[in-house]
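Listing of coords.csv, CSV, C-alpha atoms and all ligand atoms
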chain,number,residue,atom,x,y,z
R,4,MET,CA,91.2,111.9,92.4
R,5,ILE,CA,93.6,110.3,89.8
R,6,SER,CA,91.8,110.9,86.5
R,7,THR,CA,93.6,108.4,84.2
R,8,ALA,CA,94.4,104.8,84.4
R,9,PHE,CA,98.1,103.9,83.9
R,10,GLU,CA,100.4,100.9,83.9
R,11,PHE,CA,102.5,100.8,87.1
R,12,HIS,CA,106.1,99.5,87.4
R,13,ALA,CA,108.2,99.3,90.6
R,14,PRO,CA,111.6,97.9,89.6
R,15,THR,CA,114.1,97.1,92.3
R,16,ARG,CA,117.2,97.6,90.1
R,17,LEU,CA,118.4,100.8,88.4
R,18,ASP,CA,119.1,98.9,85.2
R,19,ASP,CA,115.5,97.7,85.0
R,20,ALA,CA,114.3,101.3,85.6
R,21,LEU,CA,116.5,102.6,82.8
R,22,THR,CA,115.2,99.9,80.4
R,23,LEU,CA,111.6,100.8,81.3
R,24,VAL,CA,112.2,104.5,80.8
R,25,ALA,CA,113.9,103.8,77.4
R,26,GLU,CA,111.1,101.5,76.4
R,27,HIS,CA,108.1,103.8,77.3
R,28,GLY,CA,109.7,107.2,76.5
R,29,ALA,CA,107.3,110.1,76.6
R,30,ARG,CA,104.4,107.9,77.5
R,31,ALA,CA,105.9,107.3,81.0
R,32,LYS,CA,106.5,109.4,84.1
R,33,VAL,CA,109.0,108.5,86.8
R,34,LEU,CA,107.7,108.6,90.4
R,35,ALA,CA,110.1,109.5,93.2
R,36,GLY,CA,108.6,110.9,96.4
R,37,GLY,CA,105.4,111.9,94.5
R,38,MET,CA,105.2,115.3,96.3
R,39,SER,CA,105.1,117.2,93.0
R,40,LEU,CA,104.0,114.4,90.6
R,41,MET,CA,100.9,113.3,92.6
R,42,PRO,CA,99.2,116.7,92.7
R,43,THR,CA,99.8,117.2,88.9
R,44,LEU,CA,98.3,113.7,88.3
R,45,ASN,CA,95.4,114.4,90.6
R,46,LEU,CA,94.7,117.7,88.7
R,47,GLY,CA,95.0,115.9,85.4
R,48,LEU,CA,97.8,118.2,84.3
R,49,VAL,CA,99.9,115.1,83.3
R,50,LYS,CA,98.3,111.9,81.9
R,51,PRO,CA,101.1,109.3,81.7
R,52,GLU,CA,100.2,105.9,80.3
R,53,VAL,CA,103.0,104.4,82.4
R,54,VAL,CA,104.3,105.3,85.9
R,55,ILE,CA,107.7,103.9,86.9
R,56,SER,CA,108.4,104.2,90.6
R,57,LEU,CA,112.0,104.4,91.8
R,58,ASN,CA,111.0,103.8,95.4
R,59,HIS,CA,112.2,100.2,95.6
R,60,ILE,CA,115.7,100.9,94.2
R,61,GLY,CA,117.8,100.9,97.4
R,62,ALA,CA,120.9,101.6,95.3
R,63,LEU,CA,119.6,105.2,94.7
R,64,ARG,CA,119.5,106.0,98.4
R,65,TYR,CA,122.9,106.9,99.9
R,66,ILE,CA,125.1,109.7,101.1
R,67,LYS,CA,128.9,109.0,100.9
R,68,GLU,CA,132.2,110.7,100.8
R,69,ASP,CA,134.4,110.6,97.7
R,70,GLY,CA,137.6,112.7,97.9
R,71,ASP,CA,136.6,116.4,97.8
R,72,PHE,CA,132.9,115.5,97.1
R,73,LEU,CA,129.9,114.1,98.8
R,74,LYS,CA,127.8,111.9,96.6
R,75,ILE,CA,124.1,111.7,97.2
R,76,GLY,CA,121.8,109.1,95.6
R,77,ALA,CA,118.8,110.7,93.8
R,78,MET,CA,116.2,108.9,96.0
R,79,THR,CA,117.7,110.3,99.2
R,80,LYS,CA,114.9,112.1,101.1
R,81,HIS,CA,115.0,115.6,102.3
R,82,SER,CA,114.7,114.4,105.9
R,83,GLN,CA,117.8,112.1,105.5
R,84,ILE,CA,119.8,115.0,104.1
R,85,GLY,CA,118.7,117.2,107.0
R,86,LYS,CA,120.1,114.9,109.7
R,87,ASP,CA,123.1,113.4,108.0
R,88,ALA,CA,126.5,114.0,109.8
R,89,LEU,CA,128.6,114.1,106.6
R,90,ILE,CA,126.3,116.7,105.1
R,91,SER,CA,126.2,118.9,108.2
R,92,ARG,CA,130.0,118.8,108.4
R,93,HIS,CA,131.0,119.2,104.8
R,94,CYS,CA,128.0,120.9,103.1
R,95,PRO,CA,125.9,122.7,105.7
R,96,LEU,CA,124.2,124.8,103.0
R,97,LEU,CA,122.4,121.7,101.8
R,98,ALA,CA,121.3,120.7,105.3
R,99,GLU,CA,119.9,124.2,105.9
R,100,ALA,CA,117.9,124.1,102.7
R,101,SER,CA,116.5,120.7,103.4
R,102,HIS,CA,115.2,121.9,106.8
R,103,VAL,CA,112.9,124.5,105.4
R,104,ILE,CA,111.3,122.5,102.6
R,105,GLY,CA,107.5,122.3,103.1
R,106,ASP,CA,106.6,120.4,106.3
R,107,ALA,CA,107.6,117.2,108.0
R,108,GLN,CA,105.4,115.0,105.7
R,109,VAL,CA,106.9,116.6,102.5
R,110,ARG,CA,110.5,116.2,103.9
R,111,HIS,CA,109.9,112.5,104.7
R,112,ARG,CA,108.6,111.7,101.2
R,113,GLY,CA,110.3,114.2,98.9
R,114,THR,CA,113.7,113.3,97.4
R,115,ILE,CA,116.6,115.4,96.3
R,116,GLY,CA,116.5,113.9,92.8
R,117,GLY,CA,112.8,114.6,92.4
R,118,SER,CA,113.2,118.2,93.5
R,119,ILE,CA,116.1,118.9,91.2
R,120,ALA,CA,114.5,117.1,88.2
R,121,HIS,CA,111.2,118.9,88.8
R,122,ALA,CA,113.1,122.2,88.7
R,123,ASP,CA,110.5,124.4,90.2
R,124,PRO,CA,112.1,127.8,90.2
R,125,ALA,CA,111.2,128.4,93.8
R,126,ALA,CA,112.6,125.1,95.1
R,127,ASP,CA,115.1,125.5,97.9
R,128,TYR,CA,117.8,123.2,96.5
R,129,LEU,CA,118.1,125.0,93.2
R,130,PRO,CA,120.2,128.1,94.3
R,131,VAL,CA,122.2,125.8,96.6
R,132,MET,CA,123.1,123.5,93.7
R,133,VAL,CA,124.1,126.4,91.5
R,134,VAL,CA,126.2,128.3,94.1
R,135,LEU,CA,128.0,125.0,95.0
R,136,ASP,CA,128.7,124.2,91.4
R,137,ALA,CA,127.2,120.8,92.1
R,138,ARG,CA,127.5,118.1,89.5
R,139,LEU,CA,124.5,116.1,88.5
R,140,ARG,CA,124.9,112.5,87.2
R,141,LEU,CA,122.5,111.6,84.5
R,142,GLN,CA,122.1,108.0,83.3
R,143,SER,CA,120.3,106.3,80.4
R,144,ARG,CA,120.7,102.9,78.8
R,145,GLY,CA,124.2,103.1,77.4
R,146,ARG,CA,125.0,106.7,78.5
R,147,ASP,CA,126.4,108.1,81.7
R,148,ARG,CA,127.2,111.8,81.9
R,149,THR,CA,127.7,114.5,84.5
R,150,VAL,CA,126.5,118.1,84.0
R,151,LYS,CA,127.1,121.2,86.2
R,152,ALA,CA,124.0,122.4,88.0
R,153,GLY,CA,124.4,125.8,86.2
R,154,ASP,CA,123.9,124.1,82.9
R,155,PHE,CA,121.2,121.7,84.1
R,156,PHE,CA,118.4,124.2,84.8
R,157,VAL,CA,117.1,125.6,81.5
R,158,ASP,CA,113.8,127.3,82.2
R,159,ILE,CA,110.7,127.0,84.5
R,160,MET,CA,110.5,123.3,85.2
R,161,ARG,CA,112.8,122.6,82.2
R,162,THR,CA,116.1,120.9,82.5
R,163,SER,CA,118.7,119.4,80.2
R,164,LEU,CA,117.5,115.8,81.1
R,165,GLU,CA,117.1,114.0,77.8
R,166,PRO,CA,114.5,111.4,76.9
R,167,GLY,CA,115.4,108.1,78.5
R,168,GLU,CA,117.6,109.8,81.2
R,169,LEU,CA,117.3,109.6,84.9
R,170,LEU,CA,119.0,111.8,87.4
R,171,VAL,CA,120.8,109.2,89.5
R,172,GLU,CA,123.3,111.1,91.7
R,173,VAL,CA,124.0,114.6,93.1
R,174,GLN,CA,127.7,115.4,93.7
R,175,VAL,CA,128.4,118.4,95.9
R,176,PRO,CA,131.9,119.7,96.7
R,177,LYS,CA,133.0,119.8,100.4
R,178,MET,CA,133.2,123.4,101.8
R,179,SER,CA,136.7,124.7,101.8
R,180,ARG,CA,138.4,125.9,105.0
R,181,GLY,CA,137.9,129.5,105.7
R,182,ALA,CA,134.7,129.6,103.7
R,183,GLY,CA,131.2,130.3,105.1
R,184,ALA,CA,127.8,129.6,103.6
R,185,GLY,CA,124.5,131.3,104.1
R,186,PHE,CA,120.9,130.3,103.0
R,187,VAL,CA,118.0,132.7,103.5
R,188,ARG,CA,114.5,132.8,102.1
R,189,LEU,CA,111.3,134.9,102.1
R,190,ALA,CA,108.1,132.9,102.3
R,191,ARG,CA,104.5,133.9,103.1
R,192,VAL,CA,104.3,131.5,106.0
R,193,GLU,CA,106.5,128.8,107.4
R,194,GLY,CA,106.1,125.6,105.2
R,195,SER,CA,105.1,127.4,102.1
R,196,TYR,CA,107.3,127.7,99.0
R,197,ALA,CA,109.8,130.6,98.9
R,198,ILE,CA,109.0,133.8,97.1
R,199,VAL,CA,112.7,134.4,97.0
R,200,ASN,CA,115.6,132.3,98.3
R,201,ALA,CA,119.3,132.9,98.2
R,202,ALA,CA,122.4,130.9,98.9
R,203,ALA,CA,125.9,132.5,99.3
R,204,ILE,CA,129.4,131.2,99.8
R,205,VAL,CA,132.0,133.6,101.1
R,206,ASN,CA,135.7,132.7,100.9
R,207,ARG,CA,137.7,134.8,103.3
R,208,SER,CA,141.1,134.1,101.6
R,209,THR,CA,140.0,135.0,98.1
R,210,ARG,CA,137.4,137.6,99.4
R,211,LEU,CA,134.9,136.3,96.8
R,212,ALA,CA,131.2,136.2,97.5
R,213,ASP,CA,129.3,133.7,95.3
R,214,ILE,CA,125.6,134.1,95.4
R,215,ALA,CA,122.7,132.3,93.7
R,216,ILE,CA,119.1,133.6,93.9
R,217,GLY,CA,116.1,131.4,93.3
R,218,GLY,CA,112.3,132.1,93.0
R,219,VAL,CA,112.7,135.3,91.0
R,220,GLY,CA,113.5,134.2,87.4
R,221,PRO,CA,112.8,130.9,85.6
R,222,LYS,CA,116.1,129.4,86.9
R,223,PRO,CA,118.6,130.5,89.6
R,224,ALA,CA,120.5,133.7,88.9
R,225,ARG,CA,124.2,133.8,89.8
R,226,VAL,CA,126.5,136.6,90.8
R,227,ARG,CA,130.0,136.9,92.1
R,228,VAL,CA,131.3,140.0,93.9
R,229,THR,CA,134.7,140.7,95.5
R,230,LEU,CA,134.3,141.9,99.1
R,231,ASP,CA,136.2,145.0,100.2
R,232,ARG,CA,136.4,143.7,103.8
R,233,PRO,CA,135.7,140.0,104.1
R,234,ASP,CA,134.7,140.3,107.8
R,235,ASP,CA,132.6,143.4,107.5
R,236,PRO,CA,131.8,144.7,104.0
R,237,SER,CA,131.2,148.4,103.6
R,238,ARG,CA,127.8,149.8,102.9
R,239,GLU,CA,128.9,150.6,99.3
R,240,ASN,CA,130.1,147.0,98.9
R,241,LEU,CA,126.8,145.6,100.1
R,242,ASP,CA,124.9,147.9,97.8
R,243,ARG,CA,127.0,146.5,94.9
R,244,ILE,CA,126.0,143.0,95.9
R,245,GLY,CA,122.3,144.0,95.9
R,246,GLN,CA,122.6,145.8,92.6
R,247,ALA,CA,124.4,142.8,91.0
R,248,ALA,CA,121.6,140.5,92.2
R,249,TYR,CA,118.9,142.9,90.9
R,250,ASP,CA,120.6,143.2,87.5
R,251,ALA,CA,120.9,139.4,87.3
R,252,CYS,CA,117.2,139.0,87.8
R,253,GLU,CA,115.9,141.0,84.9
R,254,ASP,CA,113.8,138.0,83.8
R,255,ALA,CA,111.8,138.0,87.0
R,256,TYR,CA,108.3,136.5,86.9
R,257,GLY,CA,105.2,137.4,89.0
R,258,ASP,CA,102.5,135.3,90.6
R,259,LEU,CA,99.9,135.6,93.4
R,260,SER,CA,102.7,135.7,96.0
R,261,GLY,CA,104.5,138.6,94.5
R,262,ASP,CA,104.8,140.4,91.2
R,263,ALA,CA,108.0,140.6,89.2
R,264,LYS,CA,109.0,144.1,90.5
R,265,TYR,CA,108.6,142.9,94.2
R,266,ARG,CA,110.6,139.7,93.5
R,267,ARG,CA,113.4,141.7,91.9
R,268,ALA,CA,113.5,144.1,94.8
R,269,MET,CA,113.6,141.2,97.3
R,270,ALA,CA,116.4,139.6,95.3
R,271,ARG,CA,118.5,142.7,96.1
R,272,VAL,CA,117.7,142.4,99.9
R,273,TYR,CA,118.1,138.6,100.2
R,274,ALA,CA,121.4,138.4,98.3
R,275,GLN,CA,122.8,140.9,100.8
R,276,ARG,CA,121.4,138.9,103.7
R,277,ALA,CA,122.8,135.6,102.4
R,278,VAL,CA,126.3,137.2,102.2
R,279,LYS,CA,126.0,138.5,105.7
R,280,GLU,CA,124.9,135.1,107.0
R,281,ALA,CA,127.8,133.4,105.2
R,282,ILE,CA,130.3,135.9,106.7
R,283,SER,CA,128.9,135.2,110.2
R,284,LYS,CA,129.2,131.4,109.6
R,285,SER,CA,132.8,131.7,108.4
R,286,ARG,CA,133.9,133.1,111.7
B,301,LIG,C1,102.8,120.9,100.4
B,301,LIG,C2,104.1,121.0,99.7
B,301,LIG,C3,105.0,122.0,100.1
B,301,LIG,C4,106.3,122.0,99.5
B,301,LIG,N1,107.2,123.0,99.8
B,301,LIG,C5,108.4,123.0,99.3
B,301,LIG,C6,109.3,124.0,99.7
B,301,LIG,O1,109.1,124.9,100.5
B,301,LIG,N2,110.5,124.0,99.1
B,301,LIG,C7,110.9,123.1,98.1
B,301,LIG,O2,112.0,123.1,97.6
B,301,LIG,N3,110.0,122.2,97.7
B,301,LIG,C8,108.8,122.1,98.3
B,301,LIG,N4,107.9,121.1,97.9
B,301,LIG,C9,108.3,120.1,96.8
B,301,LIG,C10,109.1,119.0,97.4
B,301,LIG,O3,110.4,119.4,97.7
B,301,LIG,C11,109.1,117.8,96.5
B,301,LIG,O4,109.8,116.8,97.2
B,301,LIG,C12,109.9,117.9,95.2
B,301,LIG,O5,109.4,119.0,94.4
B,301,LIG,C13,109.7,116.7,94.3
B,301,LIG,O6,110.4,115.6,94.8
B,301,LIG,P1,109.7,114.2,94.8
B,301,LIG,O7,110.8,113.3,95.2
B,301,LIG,O8,108.4,114.2,95.5
B,301,LIG,O9,109.4,114.0,93.2
B,301,LIG,P2,108.1,113.5,92.4
B,301,LIG,O10,107.0,114.4,92.8
B,301,LIG,O11,108.0,112.1,92.5
B,301,LIG,O12,108.7,113.9,90.9
B,301,LIG,C14,108.8,115.2,90.5
B,301,LIG,C15,109.1,115.2,89.0
B,301,LIG,O13,110.5,114.8,88.8
B,301,LIG,C16,110.6,113.7,88.0
B,301,LIG,N5,111.6,112.8,88.6
B,301,LIG,C17,111.6,112.4,89.9
B,301,LIG,N6,112.8,111.8,90.2
B,301,LIG,C18,113.5,111.8,89.0
B,301,LIG,C19,114.8,111.3,88.7
B,301,LIG,N7,115.6,110.7,89.6
B,301,LIG,N8,115.2,111.5,87.4
B,301,LIG,C20,114.4,112.1,86.5
B,301,LIG,N9,113.2,112.6,86.8
B,301,LIG,C21,112.7,112.4,88.0
B,301,LIG,C22,109.2,113.0,88.0
B,301,LIG,O14,108.9,112.3,86.9
B,301,LIG,C23,108.3,114.3,88.1
B,301,LIG,O15,108.1,114.9,86.9
B,301,LIG,C24,106.6,121.0,98.5
B,301,LIG,C25,105.7,120.0,98.1
B,301,LIG,C26,104.5,120.0,98.7
B,301,LIG,C27,103.5,118.9,98.3
Would you give me this structure, written as structure tokens?
Ligand SMILES: Cc1cc2nc3c(=O)[nH]c(=O)nc-3n(C[C@H](O)[C@H](O)[C@H](O)COP(=O)(O)OP(=O)(O)OC[C@H]3O[C@@H](n4cnc5c(N)ncnc54)[C@H](O)[C@@H]3O)c2cc1C
Amino acid sequence: MISTAFEFHAPTRLDDALTLVAEHGARAKVLAGGMSLMPTLNLGLVKPEVVISLNHIGALRYIKEDGDFLKIGAMTKHSQIGKDALISRHCPLLAEASHVIGDAQVRHRGTIGGSIAHADPAADYLPVMVVLDARLRLQSRGRDRTVKAGDFFVDIMRTSLEPGELLVEVQVPKMSRGAGAGFVRLARVEGSYAIVNAAAIVNRSTRLADIAIGGVGPKPARVRVTLDRPDDPSRENLDRIGQAAYDACEDAYGDLSGDAKYRRAMARVYAQRAVKEAISKSR
């Protein structure tokens, strides 16, 4: 049950949405797919006086190529990302993450912008954004800026979005030749949030393995390790990757799905698995 009455707006133009967000400030909440906002409204955890839906702004729903980047409108749904040919070709990591989010209903309603702005530490896009060095375009009335994903996530469900700003576009670099990407996750059952997730990119020519681990600390942890053998890292090298992931997750939290110690131990294992997966995909 929705416990409070609110004023509802459904603009069809981004400009009008930005005006409404500026006008109503902290009294307002933006509605994207509603997959996270509606439960918090129903539970009375947030009580906005105004709800501004972005669902009728067609200009926020697109996937396009722009030089070395793919640009994705904030209102693009997980299901569209999962089946898009440009994304499968140039950014398979993002497609993989979109396939494992919740269930079919969640993937058909939830949006990439909503998930990233919500910044749940266990969300599957978060480590992907960080390891890709994705850029997030934030717009308000009179301001248009782009921040790196690594600077965007601040704490549990806290981002660098400022009052009056909307996340309007996600920009992901195309995978370079000779690189491979892996995404792995540990979840209690299929369809539930990850306890730990990890995304890795391995570049065979530089021998660098970039890894981001989600679900463990308040925001994704990032590590970079040089591989001794890019095709088949030694046991010592894999141990070093695991140790680096463990060290980077010193701010691990615990909940009913796993305490901090367990999460940190799993960060070690899943970072190694993500790298192995990336190596196998780079072949
Ligand atoms: C049963 C269930 C299972 C799920 N499982 C997973 C899972 O396994 N993995 C996973 O990653 N996620 C999971 N989710 C979350 C899902 O991915 C949601 O889609 C996502 O968290 C929120 O996206 P949304 O579009 O629904 O946003 P909403 O719920 O509409 O909004 C979420 C928050 O972001 C703000 N917001 C939305 N869009 C913008 C914008 N463009 N600019 C600024 N602020 C904005 C809203 O004001 C709100 O505070 C699950 C959700 C459910 C209900």
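With distances taken over all atoms listed in the file, R:Leu170 is the one residue among R:Leu139, R:Leu63, R:Met132, R:Leu170 lying closest to ligand LIG 301 (chain B).
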What are the closest atom pairs, with distances in Å to one decimal, for each residue of chain R lying within 7 Å of ligand LIG 301 (chain B), using only C-alpha atoms and all ligand atoms, rows by chain and rising residue number, as a tab-separated table?
residue	atom	partner	partner_atom	distance
R:Lys32	CA	B:LIG301	O14	4.7
R:Val33	CA	B:LIG301	O14	3.8
R:Leu34	CA	B:LIG301	O11	4.1
R:Ala35	CA	B:LIG301	O11	3.4
R:Gly36	CA	B:LIG301	O8	3.4
R:Gly37	CA	B:LIG301	O11	3.3
R:Met38	CA	B:LIG301	O8	3.5
R:Ser39	CA	B:LIG301	O10	3.4
R:Leu40	CA	B:LIG301	O10	3.7
R:Met41	CA	B:LIG301	O10	6.2
R:Ala77	CA	B:LIG301	N7	5.3
R:Met78	CA	B:LIG301	N7	6.7
R:Val103	CA	B:LIG301	O1	6.2
R:Ile104	CA	B:LIG301	C6	3.8
R:Gly105	CA	B:LIG301	N1	3.4
R:Asp106	CA	B:LIG301	C3	6.6
R:Val109	CA	B:LIG301	C26	5.6
R:Arg110	CA	B:LIG301	O4	6.8
R:Arg112	CA	B:LIG301	O8	6.2
R:Gly113	CA	B:LIG301	O4	3.1
R:Thr114	CA	B:LIG301	O7	3.6
R:Ile115	CA	B:LIG301	O7	6.3
R:Gly116	CA	B:LIG301	N7	4.6
R:Gly117	CA	B:LIG301	O6	3.5
R:Ser118	CA	B:LIG301	C12	3.7
R:Ala120	CA	B:LIG301	O13	4.7
R:His121	CA	B:LIG301	O13	4.2
R:Asp123	CA	B:LIG301	O5	6.9
R:Ala125	CA	B:LIG301	O2	6.6
R:Ala126	CA	B:LIG301	O2	3.3
R:Asp127	CA	B:LIG301	O2	3.9
R:Tyr128	CA	B:LIG301	O2	5.9
R:Glu168	CA	B:LIG301	C20	6.6
R:Leu169	CA	B:LIG301	N8	3.8
R:Leu170	CA	B:LIG301	N8	3.8
R:Val171	CA	B:LIG301	N7	5.4
R:Gly194	CA	B:LIG301	O1	5.6
R:Ser195	CA	B:LIG301	O1	5.0
R:Tyr196	CA	B:LIG301	O1	3.7
R:Ala197	CA	B:LIG301	O1	6.0
**Q.** Å distance separating atom CA of R:Ala212 from atom CA of R:Arg92, one decimal place
**A.** 20.6 Å
Q: For atom CA of R:Pro221 and atom CA of R:Pro124, determine how far apart the two atoms are, in Å to one decimal place.
A: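 If I compute the distance from atom CA of R:Pro221 to atom CA of R:Pro124, I get 5.6 Å.
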**Q.** Contacts of R:Asp234 at 9 Å (only C-alpha atoms; same-chain gap of 6+ positions) as a VMD selection string
**A.** chain R and resid 207 282 to 283 285 to 286
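Atom CA of R:Ala224 lies 19.2 Å from atom CA of R:Asn240.
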Q: With all atoms listed in the file counted, which protein, DNA or RNA residues have an atom no more than 12 Å from (107.2, 144.3, 87.1) in the file frame? Please answer as a list in words.
A: Val219, Gly220, Cys252, Glu253, Asp254, Ala255, Tyr256, Gly257, Asp258, Gly261, Asp262, Ala263, Lys264, Tyr265, Arg266, Arg267 and Ala268 of chain R
At a cut-off of 9 Å, using all atoms listed in the file, what residues contact stretch 176-179 of chain R? Leave out same-chain residues fewer than 6 positions from it and give the result as an mmCIF file with C-alpha atoms, keeping the file's coordinate frame.
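Dumped everything to part-v8.cif:
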data_model
loop_
_atom_site.group_PDB
_atom_site.id
_atom_site.type_symbol
_atom_site.label_atom_id
_atom_site.label_comp_id
_atom_site.auth_asym_id
_atom_site.auth_seq_id
_atom_site.Cartn_x
_atom_site.Cartn_y
_atom_site.Cartn_z
ATOM 1 C CA GLY R 70 137.600 112.700 97.900
ATOM 2 C CA ASP R 71 136.600 116.400 97.800
ATOM 3 C CA PHE R 72 132.900 115.500 97.100
ATOM 4 C CA LEU R 73 129.900 114.100 98.800
ATOM 5 C CA LYS R 74 127.800 111.900 96.600
ATOM 6 C CA ILE R 90 126.300 116.700 105.100
ATOM 7 C CA ARG R 92 130.000 118.800 108.400
ATOM 8 C CA HIS R 93 131.000 119.200 104.800
ATOM 9 C CA CYS R 94 128.000 120.900 103.100
ATOM 10 C CA PRO R 95 125.900 122.700 105.700
ATOM 11 C CA LEU R 135 128.000 125.000 95.000
ATOM 12 C CA ASP R 136 128.700 124.200 91.400
ATOM 13 C CA ALA R 137 127.200 120.800 92.100
ATOM 14 C CA ARG R 138 127.500 118.100 89.500
ATOM 15 C CA ILE R 204 129.400 131.200 99.800
ATOM 16 C CA ASN R 206 135.700 132.700 100.900
#
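For stretch 44-57 of chain R, the residues within 7 Å (counting all atoms listed in the file, excluding itself and residues fewer than 4 positions away along the chain) are R:Met4, R:Ile5, R:Ser6, R:Thr7, R:Phe9, R:Glu10, R:Phe11, R:His12, R:Ala13, R:Pro14, R:Arg30, R:Ala31, R:Lys32, R:Val33, R:Leu34, R:Ala35, R:Leu40.
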Q: Name the closest residue to R:Ala203 among the candidates R:Ala277, R:Ile84, R:Ala190, R:Leu21; distances are taken between atoms, counting all atoms listed in the file.
A: R:Ala277
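Of the listed residues (R:Thr15, R:Ser91, R:Gln83, R:Thr149), R:Thr15 comes nearest to R:Asn58; the distances count only C-alpha atoms.
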Taking 4 positions as the minimum chain separation for residues in the same chain, which residues sit within 6 Å of stretch 154-158 of chain R when counting all atoms listed in the file? Answer as a PDB file with C-alpha atoms, keeping the file's coordinate frame.
ATOM      1  CA  THR R 162     116.100 120.900  82.500  1.00  0.00           C
ATOM      2  CA  SER R 163     118.700 119.400  80.200  1.00  0.00           C
ATOM      3  CA  PRO R 221     112.800 130.900  85.600  1.00  0.00           C
ATOM      4  CA  LYS R 222     116.100 129.400  86.900  1.00  0.00           C
TER       5      LYS R 222
END
**Q.** Selection near R:Ile75, 7 Å with all atoms listed in the file, sequence-local residues under 2 positions removed, as JSON, numbers by chain
**A.** {"R": [65, 66, 67, 73, 77, 79, 172, 173, 174]}
Enclose all atoms of stretch 193-207 of chain R listed in the file in an axis-aligned box, grow every side by 4 Å, and hand back centre and edge lengths in Å to one decimal, as JSON.
{"center_x": 121.4, "center_y": 130.2, "center_z": 102.2, "size_x": 40.6, "size_y": 17.2, "size_z": 18.4}
Q: Anything within 6 Å of (116.2, 135.1, 97.7): list those residues as number ranges by chain, counting only C-alpha atoms and sticking to the file's coordinates.
A: R: 188, 199-201, 216-217, 270, 273
